[in-house]
Amino acid sequence: MIVPTDYGLVLKKLEFPSIEEFQRRVEERAETTDLSPGEVDQLVHEARDADE
(Lines give C-alpha, C1' and ligand atoms only; values in the text may rest on other atoms or scores of the structure.)
Protein backbone atom coordinates (compact mmCIF):
# COMPACT_ATOMS: atom_id res chain seq x y z
CA MET A 1 0.00 0.00 0.00
CA ILE A 2 1.25 3.50 -0.76
CA VAL A 3 0.57 6.08 1.95
CA PRO A 4 1.16 9.76 1.19
CA THR A 5 2.74 11.81 4.00
CA ASP A 6 4.02 15.36 4.39
CA TYR A 7 7.51 14.04 3.63
CA GLY A 8 6.76 11.85 0.62
CA LEU A 9 5.31 8.41 0.01
CA VAL A 10 5.57 5.50 2.41
CA LEU A 11 5.34 1.93 1.12
CA LYS A 12 3.57 -0.34 3.58
CA LYS A 13 3.49 -4.11 3.26
CA LEU A 14 0.02 -5.58 3.69
CA GLU A 15 -0.39 -8.89 5.46
CA PHE A 16 -3.28 -10.97 4.21
CA PRO A 17 -4.63 -14.02 6.05
CA SER A 18 -4.25 -17.44 4.50
CA ILE A 19 -7.24 -18.86 2.63
CA GLU A 20 -7.93 -21.16 5.58
CA GLU A 21 -7.83 -18.27 8.07
CA PHE A 22 -10.08 -16.14 5.87
CA GLN A 23 -12.56 -18.98 5.49
CA ARG A 24 -12.58 -19.56 9.28
CA ARG A 25 -13.30 -15.85 9.89
CA VAL A 26 -16.14 -15.86 7.37
CA GLU A 27 -17.67 -18.97 8.92
CA GLU A 28 -17.49 -17.43 12.42
CA ARG A 29 -19.22 -14.25 11.27
CA ALA A 30 -21.81 -16.16 9.26
CA GLU A 31 -23.18 -17.48 12.54
CA THR A 32 -23.85 -13.95 13.84
CA THR A 33 -25.46 -12.32 10.81
CA ASP A 34 -28.82 -12.57 9.10
CA LEU A 35 -27.41 -12.06 5.59
CA SER A 36 -27.77 -14.80 3.02
CA PRO A 37 -24.73 -15.87 0.96
CA GLY A 38 -26.30 -14.10 -2.03
CA GLU A 39 -26.62 -10.86 -0.06
CA VAL A 40 -22.99 -11.10 1.04
CA ASP A 41 -21.94 -11.65 -2.57
CA GLN A 42 -23.95 -8.59 -3.68
CA LEU A 43 -22.31 -6.44 -0.97
CA VAL A 44 -18.84 -7.56 -2.07
CA HIS A 45 -19.59 -6.66 -5.69
CA GLU A 46 -20.98 -3.26 -4.68
CA ALA A 47 -17.86 -2.53 -2.59
CA ARG A 48 -15.59 -3.49 -5.49
CA ASP A 49 -17.56 -1.30 -7.91
CA ALA A 50 -17.31 1.65 -5.49
CA ASP A 51 -13.51 1.37 -5.46
CA GLU A 52 -13.23 1.73 -9.23
# chains A, B, ... in the order shown; residues from 1 in each chain; ligands from 1
>>> residues_around(residues="region 18-28 of chain A", least_positions_apart="4", cutoff="12 Å", atoms="only C-alpha atoms", output="VMD selection string")
chain A and resid 32 to 33 37 40
>>> select_by_dssp(residues="chain A", states="alpha helix (DSSP H)", output="list in words")
Ile19, Glu20, Glu21, Phe22, Gln23, Arg24, Arg25, Val26, Glu27, Glu28, Arg29, Ala30, Pro37, Gly38, Glu39, Val40, Asp41, Gln42, Leu43, Val44, His45, Glu46, Ala47, Arg48, Asp49, Ala50 and Asp51 of chain A
>>> atom_distance(atom1="CA of Gly8 (chain A)", atom2="CA of Ala47 (chain A)")
28.7 Å
>>> select_by_dssp(residues="chain A", states="strand (DSSP E or B)", output="VMD selection string")
chain A and resid 2 to 5 8 to 11
>>> atom_distance(atom1="CA of Pro17 (chain A)", atom2="CA of Glu39 (chain A)")
23.0 Å
